[in-house]
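Next comes run.txt, with compact mmCIF, C-alpha atoms.
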```txt
# COMPACT_ATOMS: atom_id res chain seq x y z
CA MET A 1054 38.98 -36.43 -5.76
CA ILE A 1055 37.89 -33.43 -3.80
CA THR A 1056 34.10 -33.76 -3.62
CA PRO A 1057 31.99 -30.80 -2.65
CA LEU A 1058 29.35 -31.26 0.04
CA HIS A 1059 26.35 -31.42 -2.19
CA SER A 1060 26.95 -31.88 -5.83
CA SER A 1061 23.64 -31.85 -7.53
CA LEU A 1062 25.24 -30.49 -10.61
CA GLY A 1063 27.45 -33.50 -11.01
CA ASP A 1064 30.18 -33.57 -13.59
CA ARG A 1065 28.76 -30.62 -15.47
CA ALA A 1066 30.21 -28.33 -12.84
CA ARG A 1067 33.67 -29.75 -13.11
CA PRO A 1068 34.98 -28.39 -16.39
CA CYS A 1069 38.25 -30.23 -16.16
CA LEU A 1070 36.36 -33.50 -16.28
CA LYS A 1071 33.62 -32.49 -18.64
CA LYS A 1072 35.10 -33.42 -21.96
CA LYS A 1073 37.78 -35.99 -21.26
CA LYS A 1074 36.80 -39.55 -21.00
CA GLU A 1075 40.15 -41.13 -20.17
CA SER A 1076 40.14 -43.19 -17.06
CA GLY A 1077 42.54 -42.73 -14.20
CA TRP A 1078 43.92 -39.77 -12.37
CA ALA A 1079 47.17 -39.44 -14.21
CA TRP A 1080 46.17 -37.05 -17.00
CA TRP A 1081 44.14 -34.97 -14.58
CA PHE A 1082 47.17 -34.31 -12.48
CA THR A 1083 49.13 -33.15 -15.47
CA LEU A 1084 46.35 -30.84 -16.52
CA VAL A 1085 45.79 -29.17 -13.20
CA ILE A 1086 47.84 -28.89 -10.06
CA PRO A 1087 45.98 -30.81 -7.37
CA VAL A 1088 44.88 -28.35 -4.67
CA LEU A 1089 41.99 -28.02 -2.32
CA GLY A 1090 39.42 -25.50 -3.47
CA ARG A 1091 40.17 -22.99 -0.75
CA LEU A 1092 40.51 -19.30 -0.78
CA ARG A 1093 44.09 -19.49 0.36
CA ALA A 1094 44.92 -21.81 -2.52
CA GLN A 1095 43.53 -19.22 -4.85
CA THR A 1096 45.84 -16.50 -3.54
CA ILE A 1097 48.79 -18.87 -3.73
CA MET A 1098 47.95 -19.79 -7.31
CA LYS A 1099 47.62 -16.17 -8.29
CA ALA A 1100 51.04 -15.46 -6.87
CA ARG A 1101 52.49 -18.39 -8.79
CA LEU A 1102 50.92 -17.19 -12.00
CA LYS A 1103 52.44 -13.78 -11.50
CA GLY A 1104 55.82 -15.36 -10.82
CA ALA A 1105 55.65 -17.50 -13.93
CA GLN A 1106 54.72 -14.54 -16.09
CA THR A 1107 57.57 -12.44 -14.73
CA GLY A 1108 59.99 -15.30 -15.29
CA ARG A 1109 58.81 -15.69 -18.84
CA ASN A 1110 59.27 -12.00 -19.59
CA LEU A 1111 62.77 -11.96 -18.16
CA LEU A 1112 63.77 -14.98 -20.19
CA LYS A 1113 62.35 -13.39 -23.32
CA LYS A 1114 64.50 -10.34 -22.71
CA LYS A 1115 67.55 -12.49 -22.24
CA SER A 1116 66.78 -14.36 -25.44
CA ASP A 1117 66.44 -11.08 -27.31
CA ALA A 1118 69.75 -9.76 -26.02
CA LEU A 1119 71.50 -12.98 -26.96
CA THR A 1120 69.97 -13.03 -30.43
CA LEU A 1121 71.07 -9.45 -31.03
CA ARG A 1122 74.64 -10.27 -30.08
CA PHE A 1123 74.46 -13.43 -32.15
CA ARG A 1124 73.57 -11.55 -35.30
CA GLN A 1125 76.32 -9.02 -34.74
CA ILE A 1126 78.85 -11.79 -34.34
CA LEU A 1127 77.62 -13.55 -37.44
CA LYS A 1128 78.07 -10.43 -39.54
CA LYS A 1129 81.55 -9.99 -38.21
CA ILE A 1130 82.39 -13.60 -38.89
CA ILE A 1131 81.38 -13.33 -42.52
CA GLU A 1132 83.45 -10.18 -42.98
CA THR A 1133 86.46 -11.68 -41.27
CA LYS A 1134 86.27 -14.86 -43.27
CA MET A 1135 86.34 -12.95 -46.51
CA LEU A 1136 89.31 -10.99 -45.27
CA MET A 1137 90.99 -14.18 -44.21
CA GLY A 1138 90.58 -15.60 -47.69
CA LYS A 1139 92.52 -12.65 -49.05
CA VAL A 1140 95.24 -12.80 -46.42
CA MET A 1141 95.78 -16.50 -46.94
CA ARG A 1142 96.05 -16.02 -50.65
CA GLU A 1143 98.74 -13.42 -50.13
CA ALA A 1144 100.57 -15.64 -47.70
CA ALA A 1145 100.44 -18.62 -50.05
CA PHE A 1146 101.77 -16.43 -52.82
CA SER A 1147 104.72 -15.29 -50.75
CA LEU A 1148 105.37 -18.92 -49.90
CA ALA A 1149 105.59 -19.74 -53.59
CA GLU A 1150 107.96 -16.82 -54.06
CA ALA A 1151 110.16 -17.95 -51.22
CA LYS A 1152 110.23 -21.49 -52.51
CA PHE A 1153 111.31 -20.20 -55.84
CA THR A 1154 114.26 -18.33 -54.40
CA ALA A 1155 115.26 -20.43 -51.45
CA GLY A 1156 114.52 -23.87 -52.76
CA ASP A 1157 112.47 -26.42 -50.95
CA PHE A 1158 112.80 -25.77 -47.25
CA SER A 1159 109.64 -27.58 -46.22
CA THR A 1160 111.34 -30.67 -44.89
CA THR A 1161 113.86 -28.69 -42.87
CA VAL A 1162 111.11 -26.61 -41.39
CA ILE A 1163 109.07 -29.63 -40.42
CA GLN A 1164 112.06 -31.37 -38.92
CA ASN A 1165 113.08 -28.39 -36.85
CA VAL A 1166 109.88 -27.98 -34.93
CA ASN A 1167 110.60 -27.48 -31.29
CA LYS A 1168 108.65 -24.95 -29.26
CA ALA A 1169 105.82 -22.76 -30.43
CA GLN A 1170 106.36 -19.03 -30.28
CA VAL A 1171 102.78 -18.13 -30.76
CA LYS A 1172 100.34 -19.48 -28.26
CA ILE A 1173 96.81 -18.56 -27.31
CA ARG A 1174 95.06 -17.93 -24.07
CA ALA A 1175 91.36 -18.38 -23.47
CA LYS A 1176 89.61 -15.63 -21.55
CA LYS A 1177 85.96 -15.39 -20.58
CA ASP A 1178 83.55 -12.74 -21.75
CA ASN A 1179 80.02 -12.33 -20.43
CA VAL A 1180 76.93 -11.48 -22.47
CA ALA A 1181 73.53 -11.40 -20.73
CA GLY A 1182 74.66 -14.07 -18.32
CA VAL A 1183 76.31 -16.35 -20.85
CA THR A 1184 80.07 -16.81 -20.59
CA LEU A 1185 81.80 -16.79 -23.95
CA PRO A 1186 85.38 -17.95 -24.42
CA VAL A 1187 87.64 -15.45 -26.16
CA PHE A 1188 91.07 -16.24 -27.57
CA GLU A 1189 94.05 -13.98 -27.28
CA HIS A 1190 97.38 -14.76 -28.83
CA TYR A 1191 100.71 -14.00 -27.29
CA HIS A 1192 104.33 -14.49 -28.16
CA GLU A 1193 106.79 -16.46 -26.16
CA GLY A 1194 110.33 -17.48 -26.80
CA THR A 1195 112.47 -16.80 -29.80
CA ASP A 1196 112.08 -17.53 -33.46
CA SER A 1197 113.39 -21.04 -34.06
CA TYR A 1198 113.65 -20.39 -37.77
CA GLU A 1199 116.05 -17.55 -37.59
CA LEU A 1200 118.69 -19.48 -39.42
CA THR A 1201 116.48 -20.76 -42.20
CA GLY A 1202 117.05 -19.07 -45.48
CA LEU A 1203 120.42 -17.82 -44.43
CA ALA A 1204 121.84 -19.27 -47.57
CA ARG A 1205 119.51 -17.61 -50.01
CA GLY A 1206 116.07 -16.14 -50.19
CA GLY A 1207 116.33 -14.67 -46.71
CA GLU A 1208 114.26 -11.65 -47.55
CA GLN A 1209 111.47 -13.67 -49.09
CA LEU A 1210 111.50 -15.94 -46.13
CA ALA A 1211 111.27 -12.99 -43.73
CA LYS A 1212 108.33 -11.64 -45.71
CA LEU A 1213 106.77 -15.07 -45.64
CA LYS A 1214 107.12 -15.31 -41.90
CA ARG A 1215 105.53 -11.92 -41.45
CA ASN A 1216 102.63 -12.80 -43.71
CA TYR A 1217 101.92 -15.99 -41.90
CA ALA A 1218 102.22 -14.31 -38.54
CA LYS A 1219 99.60 -11.81 -39.69
CA ALA A 1220 97.43 -14.65 -40.89
CA VAL A 1221 97.73 -16.34 -37.50
CA GLU A 1222 96.58 -13.22 -35.69
CA LEU A 1223 93.58 -12.88 -37.93
CA LEU A 1224 92.77 -16.54 -37.51
CA VAL A 1225 92.90 -16.32 -33.73
CA GLU A 1226 90.39 -13.50 -33.85
CA LEU A 1227 88.21 -15.52 -36.17
CA ALA A 1228 88.40 -18.49 -33.80
CA SER A 1229 87.16 -16.34 -30.92
CA LEU A 1230 84.24 -15.17 -33.00
CA GLN A 1231 83.46 -18.69 -33.99
CA THR A 1232 83.47 -20.10 -30.46
CA SER A 1233 81.23 -17.26 -29.30
CA PHE A 1234 78.94 -18.02 -32.19
CA VAL A 1235 78.63 -21.68 -31.30
CA THR A 1236 78.20 -21.03 -27.57
CA LEU A 1237 75.58 -18.36 -28.18
CA ASP A 1238 73.70 -20.65 -30.52
CA GLU A 1239 73.39 -23.26 -27.78
CA ALA A 1240 72.45 -20.69 -25.16
CA ILE A 1241 69.76 -19.18 -27.35
CA LYS A 1242 68.26 -22.59 -28.04
CA ILE A 1243 68.12 -23.41 -24.33
CA THR A 1244 66.61 -20.05 -23.39
CA ASN A 1245 63.98 -20.30 -26.09
CA ARG A 1246 63.11 -23.78 -24.98
CA ARG A 1247 62.58 -22.52 -21.45
CA VAL A 1248 60.44 -19.60 -22.63
CA ASN A 1249 58.27 -21.94 -24.63
CA ALA A 1250 57.97 -24.38 -21.77
CA ILE A 1251 56.78 -21.66 -19.43
CA GLU A 1252 54.46 -20.16 -21.96
CA HIS A 1253 52.83 -23.31 -23.26
CA VAL A 1254 52.95 -25.70 -20.34
CA ILE A 1255 53.36 -24.04 -16.97
CA ILE A 1256 51.22 -20.94 -17.38
CA PRO A 1257 48.23 -22.74 -18.89
CA ARG A 1258 48.47 -25.30 -16.11
CA ILE A 1259 48.33 -22.64 -13.44
CA GLU A 1260 45.49 -20.85 -15.20
CA ARG A 1261 43.49 -24.04 -15.42
CA THR A 1262 44.06 -24.68 -11.72
CA LEU A 1263 42.88 -21.17 -10.91
CA ALA A 1264 39.74 -21.66 -12.98
CA TYR A 1265 39.10 -24.93 -11.22
CA ILE A 1266 39.52 -23.35 -7.79
CA ILE A 1267 37.13 -20.57 -8.72
CA THR A 1268 34.48 -23.02 -9.87
CA GLU A 1269 34.87 -24.99 -6.65
CA LEU A 1270 34.49 -21.85 -4.57
CA ASP A 1271 31.46 -20.78 -6.56
CA GLU A 1272 29.87 -24.13 -6.13
CA ARG A 1273 30.42 -24.06 -2.42
CA GLU A 1274 28.83 -20.64 -2.25
CA ARG A 1275 25.85 -21.87 -4.16
CA GLU A 1276 25.49 -24.80 -1.82
CA GLU A 1277 25.64 -22.57 1.22
CA PHE A 1278 23.06 -20.27 -0.22
CA TYR A 1279 20.79 -23.16 -1.08
CA ARG A 1280 21.26 -24.67 2.34
CA LEU A 1281 20.43 -21.41 4.09
CA LYS A 1282 17.32 -20.96 2.05
CA LYS A 1283 16.16 -24.44 2.89
CA ILE A 1284 16.82 -23.89 6.56
CA GLN A 1285 14.89 -20.65 6.48
CA GLU A 1286 11.94 -22.35 4.88
CA LYS A 1287 12.03 -25.11 7.40
CA LYS A 1288 12.16 -22.64 10.25
CA LYS A 1289 9.25 -20.74 8.86
CA ILE A 1290 7.21 -23.91 8.63
CA LEU A 1291 8.10 -24.89 12.18
CA LYS A 1292 7.20 -21.46 13.46
CA GLU A 1293 3.83 -21.49 11.78
CA LYS A 1294 3.15 -24.92 13.18
CA SER A 1295 3.98 -23.95 16.73
CA GLU A 1296 1.81 -20.84 16.55
CA LYS A 1297 -1.14 -22.83 15.38
CA ASP A 1298 -0.56 -25.18 18.26
CA LEU A 1299 -0.58 -22.29 20.70
CA GLU A 1300 -3.86 -20.96 19.34
CA HIS A 1301 -5.50 -24.31 19.75
CA ARG A 1302 -4.40 -24.71 23.31
CA ARG A 1303 -5.47 -21.20 24.27
CA ALA A 1304 -8.81 -21.78 22.76
CA ALA A 1305 -9.11 -25.01 24.71
CA GLY A 1306 -8.37 -23.11 27.88
CA GLU A 1307 -5.49 -25.32 28.90
CA LEU A 1308 -3.00 -22.62 28.94
CA LEU A 1309 -2.62 -20.39 31.94
CA GLU A 1310 -1.22 -17.05 31.32
CA PRO A 1311 1.74 -16.41 33.53
CA ALA A 1312 1.43 -13.45 35.81
CA ASN A 1313 1.96 -10.17 34.08
CA LEU A 1314 4.49 -8.32 36.13
CA LEU A 1315 3.63 -5.01 34.67
CA ALA A 1316 -0.11 -5.30 35.13
CA GLU A 1317 -0.02 -5.72 38.92
CA GLU A 1318 -1.55 -2.86 40.90
CA LYS A 1319 -0.61 -3.77 44.39
CA ASP A 1320 2.93 -4.47 45.27
CA GLU A 1321 3.13 -6.89 48.23
CA ASP A 1322 6.68 -6.16 49.01
CA LEU A 1323 6.09 -2.62 50.00
CA LEU A 1324 5.64 -2.43 53.78
CA PHE A 1325 4.66 1.17 54.01
CA GLU A 1326 2.23 2.67 51.66
CA MET B 1309 90.40 -19.34 -17.44
CA ALA B 1310 93.51 -17.49 -18.54
CA GLY B 1311 95.83 -20.29 -17.66
CA ARG B 1312 98.62 -21.96 -19.53
CA GLY B 1313 98.71 -21.05 -23.14
CA LYS B 1314 97.12 -23.32 -25.66
CA LEU B 1315 98.50 -24.30 -29.01
CA ILE B 1316 97.28 -23.84 -32.53
CA ALA B 1317 97.15 -27.11 -34.46
CA VAL B 1318 97.24 -27.43 -38.24
CA ILE B 1319 95.96 -30.15 -40.52
CA GLY B 1320 96.83 -29.31 -44.08
CA ASP B 1321 98.90 -29.86 -47.13
CA GLU B 1322 102.61 -29.43 -47.03
CA ASP B 1323 102.69 -25.82 -48.08
CA THR B 1324 100.08 -24.72 -45.58
CA VAL B 1325 101.79 -26.51 -42.75
CA THR B 1326 105.21 -25.15 -43.71
CA GLY B 1327 103.85 -21.65 -43.86
CA PHE B 1328 102.25 -21.82 -40.46
CA LEU B 1329 105.25 -23.48 -38.92
CA LEU B 1330 107.29 -20.56 -40.13
CA GLY B 1331 104.70 -18.35 -38.52
CA GLY B 1332 105.75 -19.98 -35.28
CA ILE B 1333 102.99 -22.26 -34.13
CA GLY B 1334 104.66 -25.63 -34.32
CA GLU B 1335 105.51 -27.50 -31.17
CA LEU B 1336 106.48 -30.95 -30.08
CA ASN B 1337 105.15 -31.95 -26.73
CA LYS B 1338 107.11 -33.92 -24.19
CA ASN B 1339 106.66 -37.17 -26.07
CA ARG B 1340 107.95 -35.47 -29.20
CA HIS B 1341 104.57 -35.50 -30.78
CA PRO B 1342 103.71 -32.59 -33.04
CA ASN B 1343 100.63 -30.46 -33.12
CA PHE B 1344 100.30 -30.59 -36.89
CA LEU B 1345 99.55 -33.14 -39.55
CA VAL B 1346 100.78 -32.91 -43.11
CA VAL B 1347 98.20 -34.45 -45.38
CA GLU B 1348 99.64 -35.94 -48.54
CA LYS B 1349 98.03 -37.66 -51.47
CA ASP B 1350 98.21 -41.03 -49.78
CA THR B 1351 97.07 -40.10 -46.33
CA THR B 1352 93.97 -42.09 -45.49
CA ILE B 1353 90.76 -40.41 -44.52
CA ASN B 1354 90.63 -42.57 -41.45
CA GLU B 1355 93.89 -41.17 -40.26
CA ILE B 1356 92.87 -37.58 -40.79
CA GLU B 1357 89.64 -38.25 -38.98
CA ASP B 1358 91.34 -39.88 -36.04
CA THR B 1359 93.90 -37.16 -35.68
CA PHE B 1360 91.19 -34.59 -35.85
CA ARG B 1361 88.93 -36.33 -33.41
CA SER B 1362 91.43 -36.51 -30.69
CA LEU B 1363 92.12 -32.82 -31.07
CA GLY B 1364 88.55 -31.96 -30.29
CA SER B 1365 87.66 -33.71 -27.07
CA LEU B 1366 88.93 -32.97 -23.64
CA LEU B 1367 90.90 -36.02 -22.54
CA GLY B 1368 94.57 -35.29 -22.27
CA SER B 1369 96.69 -37.49 -24.41
CA VAL B 1370 99.61 -37.65 -26.70
CA VAL B 1371 99.76 -37.45 -30.46
CA GLU B 1372 101.74 -39.34 -33.04
CA ALA B 1373 101.17 -38.16 -36.58
CA LYS B 1374 103.50 -39.61 -39.15
CA PRO B 1375 101.71 -39.08 -42.41
CA ASN B 1376 102.70 -42.19 -44.29
CA GLU B 1377 101.92 -44.85 -41.77
CA HIS B 1378 98.80 -46.93 -42.06
CA ASP B 1379 97.67 -47.66 -38.58
CA PRO B 1380 94.88 -49.92 -37.36
CA PRO B 1381 91.56 -48.26 -36.50
CA LEU B 1382 91.57 -46.59 -33.13
CA ASP B 1383 89.15 -46.19 -30.29
CA GLU B 1384 88.25 -42.83 -28.91
CA THR B 1385 90.92 -42.63 -26.26
CA ASP B 1386 93.75 -43.17 -28.66
CA SER B 1387 96.50 -40.73 -28.21
CA ARG B 1388 96.87 -39.59 -31.76
CA GLN B 1389 93.93 -37.40 -31.58
CA PHE B 1390 94.02 -33.65 -31.53
CA LEU B 1391 90.53 -33.27 -30.16
CA HIS B 1392 91.57 -35.21 -27.08
CA ARG B 1393 94.45 -32.97 -26.25
CA ASP B 1394 93.61 -30.32 -23.77
CA ASP B 1395 96.52 -28.12 -24.74
CA ILE B 1396 95.14 -27.29 -28.17
CA GLY B 1397 92.89 -24.30 -28.51
CA ILE B 1398 92.43 -23.89 -32.27
CA ILE B 1399 92.57 -26.36 -35.13
CA LEU B 1400 93.26 -25.00 -38.60
CA ILE B 1401 92.21 -27.31 -41.38
CA ASN B 1402 92.31 -26.87 -45.14
CA GLN B 1403 88.88 -26.66 -46.61
CA TYR B 1404 89.30 -29.50 -49.06
CA ILE B 1405 90.47 -31.77 -46.25
CA ALA B 1406 87.54 -30.61 -44.14
CA GLU B 1407 85.26 -31.75 -46.93
CA MET B 1408 86.72 -35.24 -46.68
CA VAL B 1409 86.04 -35.53 -42.97
CA ARG B 1410 82.91 -33.40 -42.94
CA HIS B 1411 80.99 -35.78 -40.73
CA ALA B 1412 83.64 -35.75 -38.02
CA LEU B 1413 83.63 -31.96 -38.14
CA ASP B 1414 79.90 -31.73 -37.84
CA ALA B 1415 79.90 -34.12 -34.91
CA HIS B 1416 82.21 -31.82 -33.00
CA GLN B 1417 79.95 -29.74 -30.82
CA HIS B 1418 82.32 -28.34 -28.20
CA SER B 1419 83.34 -24.74 -28.46
CA ILE B 1420 86.97 -25.53 -27.61
CA PRO B 1421 89.02 -26.31 -29.62
CA ALA B 1422 87.69 -24.03 -32.32
CA VAL B 1423 87.86 -25.49 -35.80
CA LEU B 1424 88.69 -23.05 -38.57
CA GLU B 1425 88.55 -23.88 -42.25
CA ILE B 1426 91.24 -22.17 -44.30
CA PRO B 1427 91.72 -22.15 -48.04
CA SER B 1428 94.64 -23.90 -49.66
CA LYS B 1429 96.65 -22.93 -52.70
CA GLU B 1430 94.60 -24.97 -55.12
CA HIS B 1431 91.23 -24.51 -53.49
CA PRO B 1432 90.25 -20.94 -52.74
CA TYR B 1433 87.88 -20.21 -49.91
CA ASP B 1434 84.32 -21.27 -50.48
CA ALA B 1435 81.88 -19.82 -47.98
CA ALA B 1436 79.11 -22.20 -48.94
CA LYS B 1437 80.98 -25.20 -47.64
CA ASP B 1438 82.05 -23.85 -44.29
CA SER B 1439 80.34 -25.88 -41.56
CA ILE B 1440 79.95 -22.92 -39.26
CA LEU B 1441 78.35 -20.70 -41.85
CA ARG B 1442 76.03 -23.49 -42.85
CA ARG B 1443 74.52 -23.42 -39.40
CA ALA B 1444 73.53 -19.85 -39.89
CA ARG B 1445 72.26 -20.49 -43.36
CA GLY B 1446 68.68 -19.77 -42.42
CA MET B 1447 69.46 -16.29 -41.25
CA PHE B 1448 71.69 -14.65 -43.80
CA THR B 1449 71.37 -16.41 -47.10
CA ALA B 1450 72.13 -13.44 -49.32
CA GLU B 1451 75.19 -12.38 -47.40
CA ASP B 1452 76.62 -15.86 -47.38
CA LEU B 1453 77.35 -15.65 -51.05
CA ARG B 1454 78.83 -12.19 -50.94
```
What is this file in structure tokens?
Amino acid sequence: MITPLHSSLGDRARPCLKKKKESGWAWWFTLVIPVLGRLRAQTIMKARLKGAQTGRNLLKKKSDALTLRFRQILKKIIETKMLMGKVMREAAFSLAEAKFTAGDFSTTVIQNVNKAQVKIRAKKDNVAGVTLPVFEHYHEGTDSYELTGLARGGEQLAKLKRNYAKAVELLVELASLQTSFVTLDEAIKITNRRVNAIEHVIIPRIERTLAYIITELDEREREEFYRLKKIQEKKKILKEKSEKDLEHRRAAGELLEPANLLAEEKDEDLLFE
Amino acid sequence: MAGRGKLIAVIGDEDTVTGFLLGGIGELNKNRHPNFLVVEKDTTINEIEDTFRSLGSLLGSVVEAKPNEHDPPLDETDSRQFLHRDDIGIILINQYIAEMVRHALDAHQHSIPAVLEIPSKEHPYDAAKDSILRRARGMFTAEDLR
């Protein structure tokens, strides 16, 4: 513990210790950053406080920007999902139609799977420092089902293929929205956690340390002041004592006055008058 | 990260899968394993769950998805799983099947592959059950039911 020179005030002057009765140093160190009560430490602590506050404000802004984007995405997701419900219904209907005309082609379709024509790429988008994955679909290769439905129901089958292709596009868009949603959710949680940590743990800690430093400095000042006053008193007493002494000795005739240079009338060093 | 293209996987009933295959998303990888699973009346939940789980994590592996086989329980690195394949970007799953394996879906926290719930012929889309929308339940309760 950093003990001041003269602590007549005892624990009353150390607010960080006043109320707590736990033993040990551990909790004290968590409450306040251990520093010497110097002026330089005070300036350093002030700078740190400023830094922490700026950091907290920046993070708050980031959290706000992310939340805004998050809500926009959520709205869009809900709209798109409703749309998707409709599109899928249409597609399923055309499937039923095609089945009716062309017979059951499901097994042939499943057996003839080879290479996908529609694939997706993942690109990165950036929002307030958070990278979001975005899907983009692209076509590649030829239609491996060109010959299906050649016998009958070709038109229904073509319509069916178109409907499902449309559905796939919509679904890819929806998937992008969804991944952004999930990623943003995580990012917002992390940012908010950081903001709260700074606001409720770090800043109070620094403020408490500053208060402690200020009390230490004050106490030191008080001690100096007290010390100076005491010294002055002592000096005054000594002076009075020595003067009294002088009086006594003069009165007793023991003291010879030294020659007064200024009172001399004749100067012996002068050779010529 | 615009690299090699990723695939769209489907877990659904026969009609859904047929439709999407006609849309052109079906592929067999080099071990002749497909990126879709047709769920029939006798497909076990375990199987659906395992296939799904492998689709969602990031280990590369290979999938075997014959719907009528009853296989022994698998550990996480088993190759049937879609979540484990790194060449799958989106998983489409019928909503009623998603209900069956809801816990596996909720445990999937990665953003890729994205899991989308789609309606089937018998079960139209129900926004209240969608796992993604449930997360945002606190924010937009009125609009959820629109």
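Across the model, the gap from atom CA of Gln1095 of chain A to atom CA of Lys1113 of chain A is 27.0 Å.
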At a cut-off of 7 Å, can you tabulate as a tab-separated table every residue of chain B near chain A together with its closest atom pair and the distance in Å to one decimal, using only C-alpha atoms and ordering rows by chain then number?
```
residue	atom	partner	partner_atom	distance
B:Met1309	CA	A:Lys1176	CA	5.6
B:Ala1310	CA	A:Lys1176	CA	5.3
B:Gly1311	CA	A:Arg1174	CA	6.9
B:Gly1313	CA	A:Arg1174	CA	4.9
B:Lys1314	CA	A:Ile1173	CA	5.0
B:Leu1315	CA	A:Lys1172	CA	5.2
B:Ile1316	CA	A:Lys1172	CA	6.8
B:Thr1326	CA	A:Ser1159	CA	5.6
B:Gly1327	CA	A:Tyr1217	CA	6.3
B:Phe1328	CA	A:Tyr1217	CA	6.0
B:Leu1330	CA	A:Lys1214	CA	5.5
B:Gly1331	CA	A:Ala1218	CA	4.7
B:Gly1332	CA	A:Gln1170	CA	5.1
B:Ile1333	CA	A:Ala1169	CA	4.7
B:Gly1334	CA	A:Ala1169	CA	5.0
B:Glu1335	CA	A:Lys1168	CA	4.5
B:Leu1336	CA	A:Asn1167	CA	5.5
B:Ile1398	CA	A:Ala1228	CA	6.9
B:Ser1419	CA	A:Thr1232	CA	5.1
B:Ala1422	CA	A:Ala1228	CA	5.8
B:Leu1424	CA	A:Ala1228	CA	6.6
B:Pro1427	CA	A:Gly1138	CA	6.7
B:Lys1429	CA	A:Ala1145	CA	6.3
B:Tyr1433	CA	A:Gly1138	CA	5.8
```
If we count all atoms listed in the file and set the cut-off at 12 Å, which residues sit around Arg1247 of chain A, ignoring sequence neighbours fewer than 6 positions away in its own chain? Please answer as a count of residues only. 14
For atom CA of Asn1249 of chain A and atom CA of Ile1097 of chain A, the interatomic separation in Å (one decimal): 23.2 Å
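The smallest atom-to-atom distance between Asp1394 of chain B and any of B:Val1318, B:Ala1406, B:Ala1415, B:Ile1420, using all atoms listed in the file, is found for B:Ile1420.
Here atom CA of Arg1275 of chain A stands at a distance of 14.8 Å from atom CA of Arg1091 of chain A.
Closest approach to Lys1349 of chain B from the set B:Ala1412, B:Ile1405, B:Ile1396, B:Ile1426 is made by B:Ile1405, with distances taken over all atoms listed in the file.
Closest approach to Pro1432 of chain B among A:Ala1118, A:Leu1323, A:Val1140, A:Leu1270: A:Val1140, based on all atoms listed in the file.
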